[in-house]
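Text of the file data-v3.csv, holding CSV, C-alpha atoms and all ligand atoms:
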chain,number,residue,atom,x,y,z
F,10,MET,CA,85.7,118.2,107.9
F,11,ILE,CA,82.5,117.1,109.4
F,12,SER,CA,82.9,115.7,112.9
F,13,ASP,CA,79.4,115.3,114.1
F,14,GLY,CA,78.5,112.4,111.9
F,15,ALA,CA,76.2,114.5,109.7
F,16,PRO,CA,75.9,113.1,106.2
F,17,SER,CA,77.0,115.0,103.1
F,18,ALA,CA,76.3,114.3,99.5
F,19,ALA,CA,79.9,114.3,98.3
F,20,GLN,CA,81.2,112.4,101.3
F,21,PRO,CA,81.6,108.6,101.5
F,22,VAL,CA,79.5,106.9,104.1
F,23,ILE,CA,82.5,104.7,104.7
F,24,GLU,CA,86.1,105.4,104.1
F,25,LEU,CA,88.9,102.9,104.9
F,26,ILE,CA,92.5,104.0,104.4
F,27,ASP,CA,95.2,101.4,104.5
F,28,LEU,CA,93.5,99.4,107.2
F,29,HIS,CA,95.3,96.6,108.9
F,30,LYS,CA,94.0,94.1,111.4
F,31,ILE,CA,96.5,91.9,113.2
F,32,TYR,CA,95.3,89.3,115.7
F,33,ARG,CA,97.7,88.0,118.3
F,34,VAL,CA,97.2,84.4,119.2
F,35,GLY,CA,99.8,83.5,121.9
F,36,THR,CA,103.1,84.4,120.2
F,37,GLU,CA,101.7,84.1,116.7
F,38,LEU,CA,100.4,87.1,114.6
F,39,VAL,CA,97.5,86.6,112.2
F,40,TYR,CA,97.4,89.3,109.5
F,41,ALA,CA,93.6,89.3,108.8
F,42,LEU,CA,93.5,92.6,106.9
F,43,ARG,CA,96.6,93.8,105.1
F,44,GLY,CA,96.3,97.4,103.8
F,45,THR,CA,92.6,97.7,102.8
F,46,SER,CA,91.5,101.0,101.3
F,47,LEU,CA,87.9,101.5,100.3
F,48,LYS,CA,85.1,104.1,99.9
F,49,ILE,CA,81.5,103.3,100.0
F,50,PHE,CA,79.0,106.1,99.2
F,51,GLU,CA,75.4,106.6,100.2
F,52,ASN,CA,72.9,104.2,98.6
F,53,GLU,CA,75.5,101.7,97.4
F,54,TYR,CA,74.5,98.0,97.4
F,55,VAL,CA,77.7,96.0,98.0
F,56,ALA,CA,78.5,92.4,98.2
F,57,ILE,CA,81.7,91.3,100.0
F,58,MET,CA,82.9,87.9,98.9
F,59,GLY,CA,86.0,85.8,99.2
F,60,PRO,CA,87.2,82.4,100.5
F,61,SER,CA,87.0,81.3,104.1
F,62,GLY,CA,89.6,83.2,106.2
F,63,SER,CA,90.0,86.0,103.7
F,64,GLY,CA,89.0,88.7,106.2
F,65,LYS,CA,85.3,89.3,105.4
F,66,SER,CA,84.0,89.0,109.0
F,67,THR,CA,87.0,91.0,110.3
F,68,MET,CA,86.1,93.8,107.9
F,69,MET,CA,82.4,93.6,108.8
F,70,ASN,CA,83.3,93.8,112.5
F,71,ILE,CA,85.3,96.9,111.9
F,72,LEU,CA,82.8,98.5,109.6
F,73,GLY,CA,80.1,97.8,112.2
F,74,CYS,CA,82.2,99.3,115.0
F,75,LEU,CA,82.3,96.0,116.9
F,76,ASP,CA,86.1,96.0,116.7
F,77,VAL,CA,88.8,98.4,115.8
F,78,SER,CA,91.7,98.0,113.3
F,79,THR,CA,95.4,97.7,114.4
F,80,LYS,CA,96.5,100.3,112.0
F,81,GLY,CA,94.9,102.6,109.4
F,82,ILE,CA,91.9,104.9,109.4
F,83,TYR,CA,88.2,104.3,109.3
F,84,ARG,CA,85.9,107.3,108.8
F,85,LEU,CA,82.2,106.7,109.2
F,86,ARG,CA,80.2,109.6,107.7
F,87,GLY,CA,83.3,111.7,107.9
F,88,GLN,CA,84.0,111.0,111.6
F,89,ASP,CA,87.2,109.2,112.4
F,90,VAL,CA,86.2,106.2,114.4
F,91,SER,CA,89.5,104.3,114.2
F,92,ARG,CA,90.5,104.6,117.8
F,93,LEU,CA,87.4,105.3,119.8
F,94,SER,CA,86.8,103.7,123.2
F,95,GLN,CA,84.4,100.7,123.4
F,96,SER,CA,81.6,102.9,124.9
F,97,LYS,CA,81.9,105.5,122.1
F,98,LEU,CA,81.9,102.8,119.5
F,99,ALA,CA,78.8,101.3,121.1
F,100,ARG,CA,77.0,104.6,120.9
F,101,ILE,CA,77.9,105.0,117.2
F,102,ARG,CA,76.9,101.4,116.5
F,103,GLY,CA,73.5,101.9,118.1
F,104,ARG,CA,72.8,105.0,116.0
F,105,GLN,CA,74.4,104.3,112.7
F,106,ILE,CA,74.6,100.6,112.0
F,107,GLY,CA,71.8,98.0,111.4
F,108,PHE,CA,73.0,94.4,111.7
F,109,VAL,CA,71.5,91.4,110.1
F,110,PHE,CA,73.0,88.0,111.0
F,111,GLN,CA,72.8,84.6,109.4
F,112,SER,CA,71.2,83.1,112.5
F,113,PHE,CA,68.6,86.0,113.0
F,114,GLU,CA,69.6,86.6,116.6
F,115,LEU,CA,66.1,87.3,117.8
F,116,LEU,CA,65.0,87.1,121.4
F,117,GLY,CA,63.0,83.9,121.5
F,118,ARG,CA,60.5,84.7,124.2
F,119,THR,CA,59.4,88.1,123.0
F,120,THR,CA,57.2,89.2,120.1
F,121,ALA,CA,58.4,90.5,116.7
F,122,LEU,CA,57.3,94.0,117.7
F,123,LYS,CA,59.3,93.9,121.0
F,124,ASN,CA,62.3,92.5,119.2
F,125,VAL,CA,62.3,95.5,116.8
F,126,GLU,CA,61.5,97.9,119.6
F,127,LEU,CA,64.2,96.9,122.1
F,128,PRO,CA,67.3,98.4,120.5
F,129,LEU,CA,65.4,101.7,120.1
F,130,ARG,CA,65.1,101.7,123.9
F,131,TYR,CA,68.8,101.4,124.3
F,132,SER,CA,69.4,104.3,121.9
F,133,ARG,CA,66.6,106.3,123.7
F,134,THR,CA,64.8,106.8,120.4
F,135,ARG,CA,61.4,108.5,120.8
F,136,HIS,CA,58.1,107.1,119.4
F,137,ARG,CA,59.5,103.6,119.6
F,138,ARG,CA,56.3,101.7,119.1
F,139,ARG,CA,55.4,103.7,116.0
F,140,ARG,CA,58.9,103.3,114.6
F,141,ALA,CA,58.9,99.6,115.2
F,142,LEU,CA,55.5,99.1,113.6
F,143,ASP,CA,56.6,101.1,110.6
F,144,ALA,CA,59.7,99.0,110.2
F,145,LEU,CA,57.6,95.8,110.4
F,146,GLU,CA,55.3,97.2,107.7
F,147,ARG,CA,58.2,97.9,105.5
F,148,VAL,CA,59.1,94.2,105.5
F,149,ASN,CA,55.4,93.2,105.1
F,150,LEU,CA,55.1,91.7,108.6
F,151,ALA,CA,52.7,94.1,110.3
F,152,ASP,CA,50.3,91.1,110.6
F,153,ARG,CA,52.9,89.1,112.6
F,154,ALA,CA,53.8,91.8,115.1
F,155,HIS,CA,52.5,89.9,118.0
F,156,HIS,CA,54.0,86.5,117.0
F,157,ARG,CA,57.1,85.1,118.8
F,158,PRO,CA,60.0,83.8,116.7
F,159,ASN,CA,59.0,80.2,117.2
F,160,GLN,CA,55.6,81.1,115.6
F,161,LEU,CA,57.4,82.5,112.5
F,162,SER,CA,59.0,80.9,109.4
F,163,GLY,CA,62.8,81.3,108.8
F,164,GLY,CA,62.2,84.0,106.2
F,165,GLN,CA,59.8,85.8,108.5
F,166,LYS,CA,62.3,85.7,111.3
F,167,GLN,CA,64.9,87.2,109.0
F,168,ARG,CA,62.4,89.9,108.0
F,169,VAL,CA,61.9,90.8,111.7
F,170,ALA,CA,65.7,91.0,112.0
F,171,ILE,CA,65.8,93.4,109.0
F,172,ALA,CA,63.0,95.5,110.5
F,173,ARG,CA,65.0,95.7,113.7
F,174,ALA,CA,68.0,96.9,111.7
F,175,LEU,CA,65.8,99.4,109.8
F,176,ALA,CA,64.0,100.8,112.8
F,177,GLN,CA,66.9,102.9,114.0
F,178,GLN,CA,67.2,104.4,110.5
F,179,PRO,CA,70.9,103.4,110.2
F,180,ALA,CA,73.5,104.9,107.9
F,181,ILE,CA,74.3,101.4,106.7
F,182,ILE,CA,72.8,97.9,106.9
F,183,LEU,CA,75.5,95.3,107.4
F,184,ALA,CA,74.4,91.7,106.7
F,185,ASP,CA,76.7,88.8,107.3
F,186,GLU,CA,75.4,85.8,105.2
F,187,PRO,CA,71.8,86.8,105.7
F,188,THR,CA,70.5,84.0,103.6
F,189,GLY,CA,72.9,81.3,104.8
F,190,ASN,CA,70.2,79.6,107.0
F,191,LEU,CA,67.4,79.8,104.4
F,192,ASP,CA,66.4,77.6,101.5
F,193,SER,CA,67.0,79.2,98.1
F,194,ALA,CA,63.4,80.4,97.5
F,195,THR,CA,63.3,82.1,100.9
F,196,GLY,CA,66.8,83.5,100.4
F,197,GLU,CA,65.5,85.1,97.2
F,198,GLU,CA,62.6,86.6,99.1
F,199,ILE,CA,65.0,88.2,101.6
F,200,MET,CA,67.1,89.5,98.7
F,201,ASP,CA,63.9,91.1,97.3
F,202,VAL,CA,63.5,92.9,100.6
F,203,PHE,CA,67.1,94.2,100.4
F,204,ASP,CA,66.5,95.2,96.7
F,205,THR,CA,63.5,97.2,97.8
F,206,LEU,CA,65.4,98.9,100.6
F,207,TYR,CA,68.2,99.7,98.2
F,208,ALA,CA,65.6,101.2,95.7
F,209,GLU,CA,64.4,103.4,98.6
F,210,GLY,CA,67.9,104.8,99.2
F,211,GLN,CA,69.3,102.5,101.9
F,212,THR,CA,73.1,101.8,101.9
F,213,ILE,CA,73.5,98.0,102.2
F,214,ILE,CA,76.6,95.8,102.5
F,215,ILE,CA,76.2,92.0,102.4
F,216,VAL,CA,78.8,89.3,103.0
F,217,THR,CA,78.0,86.3,101.0
F,218,HIS,CA,79.6,83.1,99.5
F,219,GLU,CA,76.9,82.8,96.8
F,220,ASP,CA,77.1,84.3,93.4
F,221,HIS,CA,73.3,84.5,92.9
F,222,ILE,CA,73.1,86.6,96.1
F,223,ALA,CA,75.9,88.9,95.0
F,224,GLU,CA,74.2,89.4,91.6
F,225,HIS,CA,71.5,91.4,93.4
F,226,CYS,CA,74.2,93.9,94.5
F,227,ARG,CA,75.5,96.7,92.3
F,228,ARG,CA,79.1,96.4,93.4
F,229,VAL,CA,81.1,93.3,94.3
F,230,ILE,CA,84.3,93.4,96.4
F,231,LYS,CA,86.4,90.3,96.7
F,232,LEU,CA,88.9,89.7,99.4
F,233,LYS,CA,91.8,87.3,99.4
F,234,ASP,CA,94.3,87.0,102.2
F,235,GLY,CA,93.2,90.2,103.8
F,236,GLN,CA,93.4,92.3,100.6
F,237,ILE,CA,90.9,93.6,98.1
F,238,VAL,CA,91.6,91.8,94.8
F,239,VAL,CA,88.4,92.6,92.9
F,240,ASP,CA,86.1,95.6,93.0
F,241,THR,CA,83.5,95.9,90.3
F,242,SER,CA,80.3,97.9,89.8
F,243,ARG,CA,77.5,97.6,87.4
F,244,SER,CA,74.7,100.0,86.5
F,245,PRO,CA,71.1,99.3,87.5
F,246,GLY,CA,69.5,96.7,85.3
F,247,GLY,CA,72.8,96.0,83.6
F,248,PRO,CA,74.6,92.7,83.4
F,249,PRO,CA,76.0,91.1,86.5
F,250,ALA,CA,79.3,92.6,87.7
F,251,THR,CA,82.2,90.9,85.9
F,252,PRO,CA,85.2,90.5,88.1
F,253,ASP,CA,88.2,92.7,87.1
F,254,GLU,CA,91.5,92.2,88.7
F,255,ALA,CA,91.8,95.4,90.7
F,256,PRO,CA,94.9,96.8,92.4
F,257,THR,CA,95.2,95.6,96.0
F,258,ASP,CA,94.5,99.0,97.4
F,259,ALA,CA,91.4,99.4,95.3
F,260,ASP,CA,89.9,102.7,96.3
F,261,ARG,CA,87.2,103.7,93.9
F,262,PRO,CA,83.8,105.1,94.5
F,263,GLY,CA,82.2,102.4,92.5
F,264,ALA,CA,79.0,104.4,92.5
F,265,ALA,CA,77.8,103.5,89.1
F,266,VAL,CA,74.3,104.3,90.2
F,267,SER,CA,73.1,107.6,88.8
I,301,LIG,N1,89.5,86.7,117.0
I,301,LIG,C1,90.5,86.2,116.2
I,301,LIG,N2,91.7,85.9,116.8
I,301,LIG,C2,92.7,85.4,116.0
I,301,LIG,N3,92.6,85.2,114.6
I,301,LIG,C3,91.4,85.5,114.1
I,301,LIG,C4,90.3,86.0,114.9
I,301,LIG,N4,89.2,86.2,114.0
I,301,LIG,C5,89.7,85.9,112.8
I,301,LIG,N5,90.9,85.5,112.8
I,301,LIG,C6,91.8,85.0,111.7
I,301,LIG,O1,91.7,86.1,110.7
I,301,LIG,C7,91.6,85.6,109.4
I,301,LIG,C8,90.4,86.2,108.8
I,301,LIG,O2,89.2,85.7,109.4
I,301,LIG,P1,87.7,86.1,109.1
I,301,LIG,O3,86.9,85.6,110.2
I,301,LIG,O4,87.7,87.6,108.9
I,301,LIG,O5,87.5,85.4,107.7
I,301,LIG,P2,86.2,85.2,106.8
I,301,LIG,O6,86.5,85.7,105.5
I,301,LIG,O7,85.0,85.9,107.5
I,301,LIG,O8,86.0,83.7,106.7
I,301,LIG,P3,84.6,82.8,106.7
I,301,LIG,O9,84.1,82.8,105.3
I,301,LIG,O10,85.1,81.4,107.1
I,301,LIG,O11,83.6,83.3,107.7
I,301,LIG,C9,91.6,84.1,109.5
I,301,LIG,O12,92.9,83.6,109.3
I,301,LIG,C10,91.2,83.8,110.9
I,301,LIG,O13,91.7,82.6,111.4
I,302,MG,MG,83.2,85.1,108.3
Do you think you could lay out the structure here as structure tokens?
Amino acid sequence: MISDGAPSAAQPVIELIDLHKIYRVGTELVYALRGTSLKIFENEYVAIMGPSGSGKSTMMNILGCLDVSTKGIYRLRGQDVSRLSQSKLARIRGRQIGFVFQSFELLGRTTALKNVELPLRYSRTRHRRRRALDALERVNLADRAHHRPNQLSGGQKQRVAIARALAQQPAIILADEPTGNLDSATGEEIMDVFDTLYAEGQTIIIVTHEDHIAEHCRRVIKLKDGQIVVDTSRSPGGPPATPDEAPTDADRPGAAVS
């Protein structure tokens, strides 16, 4: 059992075992996740889909160490992070998770470069300027490094956000509706960036409502009422994932990528 967060080839990056999340609102209980089990391996490219209220954001928040489950186990790179304190979760989040949000979440008054650099300061990463510039280069935005967000297009803003996620060399990139605020052509450009990162070996999980976004991914997981009802994979270059009805405790590697 690896406890220091070091990666290993045979080990899933993410492992959820019978995860439950119950929110309490006054006297009412909301069962947002109801026994979810899941493994995601290194260099998977996963779409999480499902109707509104099915538990997608709840799952993303737990995967991203922004929240903890009520019951069940979450292992991130072999480390049990199910019941860690907020401060320990924050440290893991800073090192292992790159977030990309629908609304970009950039600091408005500061340059693209500073936006990418700032989280590295919190995690005390060395060579921050170089790392930030490299990340901007990877999303083809080195020539906009000194622009502020209001001097960038929507697609460019999202590419800055992806560079910010990449700069800390995270174990996973978690993107919640990353194309939701973009027109369809710009959305496709952003998906091209994710496709390239996937081809370079990055593990990526994207929440989306849109089939044409999910078609970029190699594995599609569908949630309904807090349970996984579909979990399908496809091989690179193969046809789009066709939904199979899966057992509710779907727990398969899904790593059709060879
Ligand atoms: N903080 C909270 N407190 C109480 N209930 C919550 C909370 N967050 C989510 N819920 C409830 O949990 C269920 C799952 O919500 P969640 O936000 O995960 O859905 P979602 O699949 O992301 O939906 P959407 O597509 O609308 O974003 C819903 O019934 C929701 O009302
Ligand atoms: Mg949501």
Write out as a count of residues only each polymer residue (protein, DNA or RNA) that has an atom no more than 9 Å from ligand MG 302 (chain I), with only C-alpha atoms and all ligand atoms counted.
11
Show me, as JSON lines, the residues of chain F having an atom within 10 Å of ligand LIG 301 (chain I), each with the closest atom pair and its distance in Å, using only C-alpha atoms and all ligand atoms.
{"residue": "F:Lys30", "atom": "CA", "partner": "I:LIG301", "partner_atom": "O1", "distance": 8.4}
{"residue": "F:Ile31", "atom": "CA", "partner": "I:LIG301", "partner_atom": "N3", "distance": 7.9}
{"residue": "F:Tyr32", "atom": "CA", "partner": "I:LIG301", "partner_atom": "C2", "distance": 4.7}
{"residue": "F:Arg33", "atom": "CA", "partner": "I:LIG301", "partner_atom": "C2", "distance": 6.1}
{"residue": "F:Val34", "atom": "CA", "partner": "I:LIG301", "partner_atom": "C2", "distance": 5.6}
{"residue": "F:Gly35", "atom": "CA", "partner": "I:LIG301", "partner_atom": "C2", "distance": 9.4}
{"residue": "F:Glu37", "atom": "CA", "partner": "I:LIG301", "partner_atom": "C2", "distance": 9.1}
{"residue": "F:Leu38", "atom": "CA", "partner": "I:LIG301", "partner_atom": "C2", "distance": 8.0}
{"residue": "F:Val39", "atom": "CA", "partner": "I:LIG301", "partner_atom": "N3", "distance": 5.6}
{"residue": "F:Tyr40", "atom": "CA", "partner": "I:LIG301", "partner_atom": "O1", "distance": 6.6}
{"residue": "F:Ala41", "atom": "CA", "partner": "I:LIG301", "partner_atom": "O1", "distance": 4.2}
{"residue": "F:Leu42", "atom": "CA", "partner": "I:LIG301", "partner_atom": "C8", "distance": 7.4}
{"residue": "F:Ile57", "atom": "CA", "partner": "I:LIG301", "partner_atom": "O6", "distance": 9.2}
{"residue": "F:Met58", "atom": "CA", "partner": "I:LIG301", "partner_atom": "O6", "distance": 7.8}
{"residue": "F:Gly59", "atom": "CA", "partner": "I:LIG301", "partner_atom": "O6", "distance": 6.3}
{"residue": "F:Pro60", "atom": "CA", "partner": "I:LIG301", "partner_atom": "O9", "distance": 5.7}
{"residue": "F:Ser61", "atom": "CA", "partner": "I:LIG301", "partner_atom": "O9", "distance": 3.5}
{"residue": "F:Gly62", "atom": "CA", "partner": "I:LIG301", "partner_atom": "O5", "distance": 3.4}
{"residue": "F:Ser63", "atom": "CA", "partner": "I:LIG301", "partner_atom": "O6", "distance": 3.9}
{"residue": "F:Gly64", "atom": "CA", "partner": "I:LIG301", "partner_atom": "O4", "distance": 3.2}
{"residue": "F:Lys65", "atom": "CA", "partner": "I:LIG301", "partner_atom": "O6", "distance": 3.8}
{"residue": "F:Ser66", "atom": "CA", "partner": "I:LIG301", "partner_atom": "O7", "distance": 3.6}
{"residue": "F:Thr67", "atom": "CA", "partner": "I:LIG301", "partner_atom": "O4", "distance": 3.7}
{"residue": "F:Met68", "atom": "CA", "partner": "I:LIG301", "partner_atom": "O4", "distance": 6.5}
{"residue": "F:Met69", "atom": "CA", "partner": "I:LIG301", "partner_atom": "O4", "distance": 8.0}
{"residue": "F:Asn70", "atom": "CA", "partner": "I:LIG301", "partner_atom": "O4", "distance": 8.4}
{"residue": "F:Asp76", "atom": "CA", "partner": "I:LIG301", "partner_atom": "N1", "distance": 9.9}
{"residue": "F:Asp185", "atom": "CA", "partner": "I:LIG301", "partner_atom": "O7", "distance": 8.8}
{"residue": "F:Glu186", "atom": "CA", "partner": "I:LIG301", "partner_atom": "O11", "distance": 8.9}
{"residue": "F:Val216", "atom": "CA", "partner": "I:LIG301", "partner_atom": "O7", "distance": 8.4}
{"residue": "F:Thr217", "atom": "CA", "partner": "I:LIG301", "partner_atom": "O9", "distance": 8.2}
{"residue": "F:His218", "atom": "CA", "partner": "I:LIG301", "partner_atom": "O9", "distance": 7.3}
{"residue": "F:Lys231", "atom": "CA", "partner": "I:LIG301", "partner_atom": "O6", "distance": 9.9}
{"residue": "F:Leu232", "atom": "CA", "partner": "I:LIG301", "partner_atom": "O6", "distance": 7.7}
{"residue": "F:Lys233", "atom": "CA", "partner": "I:LIG301", "partner_atom": "O6", "distance": 8.2}
{"residue": "F:Asp234", "atom": "CA", "partner": "I:LIG301", "partner_atom": "C8", "distance": 7.7}
{"residue": "F:Gly235", "atom": "CA", "partner": "I:LIG301", "partner_atom": "C8", "distance": 7.0}
Go ahead and save the picked residues with C-alpha atoms, as an mmCIF file, in the coordinates of the input.
data_model
loop_
_atom_site.group_PDB
_atom_site.id
_atom_site.type_symbol
_atom_site.label_atom_id
_atom_site.label_comp_id
_atom_site.auth_asym_id
_atom_site.auth_seq_id
_atom_site.Cartn_x
_atom_site.Cartn_y
_atom_site.Cartn_z
ATOM 1 C CA LYS F 30 94.000 94.100 111.400
ATOM 2 C CA ILE F 31 96.500 91.900 113.200
ATOM 3 C CA TYR F 32 95.300 89.300 115.700
ATOM 4 C CA ARG F 33 97.700 88.000 118.300
ATOM 5 C CA VAL F 34 97.200 84.400 119.200
ATOM 6 C CA GLY F 35 99.800 83.500 121.900
ATOM 7 C CA GLU F 37 101.700 84.100 116.700
ATOM 8 C CA LEU F 38 100.400 87.100 114.600
ATOM 9 C CA VAL F 39 97.500 86.600 112.200
ATOM 10 C CA TYR F 40 97.400 89.300 109.500
ATOM 11 C CA ALA F 41 93.600 89.300 108.800
ATOM 12 C CA LEU F 42 93.500 92.600 106.900
ATOM 13 C CA ILE F 57 81.700 91.300 100.000
ATOM 14 C CA MET F 58 82.900 87.900 98.900
ATOM 15 C CA GLY F 59 86.000 85.800 99.200
ATOM 16 C CA PRO F 60 87.200 82.400 100.500
ATOM 17 C CA SER F 61 87.000 81.300 104.100
ATOM 18 C CA GLY F 62 89.600 83.200 106.200
ATOM 19 C CA SER F 63 90.000 86.000 103.700
ATOM 20 C CA GLY F 64 89.000 88.700 106.200
ATOM 21 C CA LYS F 65 85.300 89.300 105.400
ATOM 22 C CA SER F 66 84.000 89.000 109.000
ATOM 23 C CA THR F 67 87.000 91.000 110.300
ATOM 24 C CA MET F 68 86.100 93.800 107.900
ATOM 25 C CA MET F 69 82.400 93.600 108.800
ATOM 26 C CA ASN F 70 83.300 93.800 112.500
ATOM 27 C CA ASP F 76 86.100 96.000 116.700
ATOM 28 C CA ASP F 185 76.700 88.800 107.300
ATOM 29 C CA GLU F 186 75.400 85.800 105.200
ATOM 30 C CA VAL F 216 78.800 89.300 103.000
ATOM 31 C CA THR F 217 78.000 86.300 101.000
ATOM 32 C CA HIS F 218 79.600 83.100 99.500
ATOM 33 C CA LYS F 231 86.400 90.300 96.700
ATOM 34 C CA LEU F 232 88.900 89.700 99.400
ATOM 35 C CA LYS F 233 91.800 87.300 99.400
ATOM 36 C CA ASP F 234 94.300 87.000 102.200
ATOM 37 C CA GLY F 235 93.200 90.200 103.800
#
Which residue of F:Leu72, F:Ala174, F:Val239, F:Ile181 approaches F:Val109 most closely, using only C-alpha atoms:
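Going through F:Leu72, F:Ala174, F:Val239, F:Ile181 one by one, the smallest distance to F:Val109 is for F:Ala174.
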Atom pair atom CA of F:Tyr54 / atom CA of F:Met200: separation (Å):
11.3 Å
Write out as a PyMOL selection string the residues lying within 7 Å of F:Leu85, counting all atoms listed in the file and excluding same-chain residues fewer than 2 positions away.
chain F and resi 22-24+83+87-90
For F:Gln111: contacts at 8 Å, all atoms listed in the file, fewer than 3 positions along chain excluded, given as an MDAnalysis selection string:
chainID F and resid 184:190
Considering only C-alpha atoms, give me a table of residues in stretch 174-228 of chain F that are at most 12 Å from stretch 101-106 of chain F, with the closest atom pair and distance in Å for each, as JSON lines.
{"residue": "F:Ala174", "atom": "CA", "partner": "F:Ile106", "partner_atom": "CA", "distance": 7.6}
{"residue": "F:Leu175", "atom": "CA", "partner": "F:Ile106", "partner_atom": "CA", "distance": 9.1}
{"residue": "F:Ala176", "atom": "CA", "partner": "F:Arg104", "partner_atom": "CA", "distance": 10.3}
{"residue": "F:Gln177", "atom": "CA", "partner": "F:Arg104", "partner_atom": "CA", "distance": 6.6}
{"residue": "F:Gln178", "atom": "CA", "partner": "F:Gln105", "partner_atom": "CA", "distance": 7.5}
{"residue": "F:Pro179", "atom": "CA", "partner": "F:Gln105", "partner_atom": "CA", "distance": 4.4}
{"residue": "F:Ala180", "atom": "CA", "partner": "F:Gln105", "partner_atom": "CA", "distance": 4.9}
{"residue": "F:Ile181", "atom": "CA", "partner": "F:Ile106", "partner_atom": "CA", "distance": 5.4}
{"residue": "F:Ile182", "atom": "CA", "partner": "F:Ile106", "partner_atom": "CA", "distance": 6.0}
{"residue": "F:Leu183", "atom": "CA", "partner": "F:Ile106", "partner_atom": "CA", "distance": 7.1}
{"residue": "F:Ala184", "atom": "CA", "partner": "F:Ile106", "partner_atom": "CA", "distance": 10.4}
{"residue": "F:Gln211", "atom": "CA", "partner": "F:Ile106", "partner_atom": "CA", "distance": 11.6}
{"residue": "F:Thr212", "atom": "CA", "partner": "F:Ile106", "partner_atom": "CA", "distance": 10.3}
{"residue": "F:Ile213", "atom": "CA", "partner": "F:Ile106", "partner_atom": "CA", "distance": 10.2}
{"residue": "F:Ile214", "atom": "CA", "partner": "F:Ile106", "partner_atom": "CA", "distance": 10.8}
Please measure the separation of atom CA of F:Gly44 and atom CA of F:Arg92, giving the value in Å to one decimal.
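About the pair atom CA of F:Gly44 and atom CA of F:Arg92: they are 16.8 Å apart.
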Separation of atom CA of F:His29 and atom CA of F:Gly107, in Å?
23.7 Å
Go through F:Ala154, F:Val202, F:Ala144, F:Leu47 one by one, measure the shortest atom-to-atom distance of each to F:Val238 using only C-alpha atoms, and give the residue with the smallest value.
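Among F:Ala154, F:Val202, F:Ala144, F:Leu47, it is F:Leu47 that comes nearest to F:Val238.
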Which residue of F:Ser112, F:Asn149, F:Thr205, F:Ser78 approaches F:Gln167 most closely, using all atoms listed in the file:
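Answer, going by the shortest atom-to-atom distance: F:Ser112.
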Using only C-alpha atoms, which of the listed residues (F:Asp27, F:His225, F:Ile237, F:Gly117) sits closest to F:Leu161?
F:Gly117
Point out the residue among F:Ala121, F:Arg157, F:Arg135, F:Glu209 with the least atom-to-atom distance to F:Ile171, counting all atoms listed in the file.
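Ranked by minimum distance to F:Ile171, first place goes to F:Ala121.
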Near-F:Cys226 list (10 Å; only C-alpha atoms; drop same-chain fewer than 6 positions) as a PyMOL selection string
chain F and resi 53-57+200+203-204+207+213-215+242-243+245+249-250
Keeping C-alpha atoms, export the residues of the selection given above as a PDB file, in the coordinates of the input.
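Generated file (part_36.pdb):
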ATOM      1  CA  GLU F  53      75.500 101.700  97.400  1.00  0.00           C
ATOM      2  CA  TYR F  54      74.500  98.000  97.400  1.00  0.00           C
ATOM      3  CA  VAL F  55      77.700  96.000  98.000  1.00  0.00           C
ATOM      4  CA  ALA F  56      78.500  92.400  98.200  1.00  0.00           C
ATOM      5  CA  ILE F  57      81.700  91.300 100.000  1.00  0.00           C
ATOM      6  CA  MET F 200      67.100  89.500  98.700  1.00  0.00           C
ATOM      7  CA  PHE F 203      67.100  94.200 100.400  1.00  0.00           C
ATOM      8  CA  ASP F 204      66.500  95.200  96.700  1.00  0.00           C
ATOM      9  CA  TYR F 207      68.200  99.700  98.200  1.00  0.00           C
ATOM     10  CA  ILE F 213      73.500  98.000 102.200  1.00  0.00           C
ATOM     11  CA  ILE F 214      76.600  95.800 102.500  1.00  0.00           C
ATOM     12  CA  ILE F 215      76.200  92.000 102.400  1.00  0.00           C
ATOM     13  CA  SER F 242      80.300  97.900  89.800  1.00  0.00           C
ATOM     14  CA  ARG F 243      77.500  97.600  87.400  1.00  0.00           C
ATOM     15  CA  PRO F 245      71.100  99.300  87.500  1.00  0.00           C
ATOM     16  CA  PRO F 249      76.000  91.100  86.500  1.00  0.00           C
ATOM     17  CA  ALA F 250      79.300  92.600  87.700  1.00  0.00           C
TER      18      ALA F 250
END
Expected file for stretch 22-28 of chain F keeping N, CA and C atoms, as a compact mmCIF listing (two decimals), in the first residue's frame:
# COMPACT_ATOMS: atom_id res chain seq x y z
N VAL F 22 -5.57 5.93 -10.44
CA VAL F 22 -5.35 7.28 -9.92
C VAL F 22 -6.46 7.60 -8.92
N ILE F 23 -7.66 7.14 -9.30
CA ILE F 23 -8.83 7.39 -8.45
C ILE F 23 -9.53 6.07 -8.17
N GLU F 24 -9.89 5.87 -6.93
CA GLU F 24 -10.70 4.70 -6.59
C GLU F 24 -11.77 5.12 -5.59
N LEU F 25 -13.01 4.95 -6.00
CA LEU F 25 -14.13 5.20 -5.09
C LEU F 25 -14.75 3.86 -4.74
N ILE F 26 -14.98 3.64 -3.46
CA ILE F 26 -15.61 2.38 -3.03
C ILE F 26 -16.86 2.70 -2.23
N ASP F 27 -18.00 2.35 -2.82
CA ASP F 27 -19.30 2.47 -2.16
C ASP F 27 -19.48 3.83 -1.49
N LEU F 28 -19.30 4.85 -2.30
CA LEU F 28 -19.31 6.22 -1.78
C LEU F 28 -20.74 6.76 -1.65
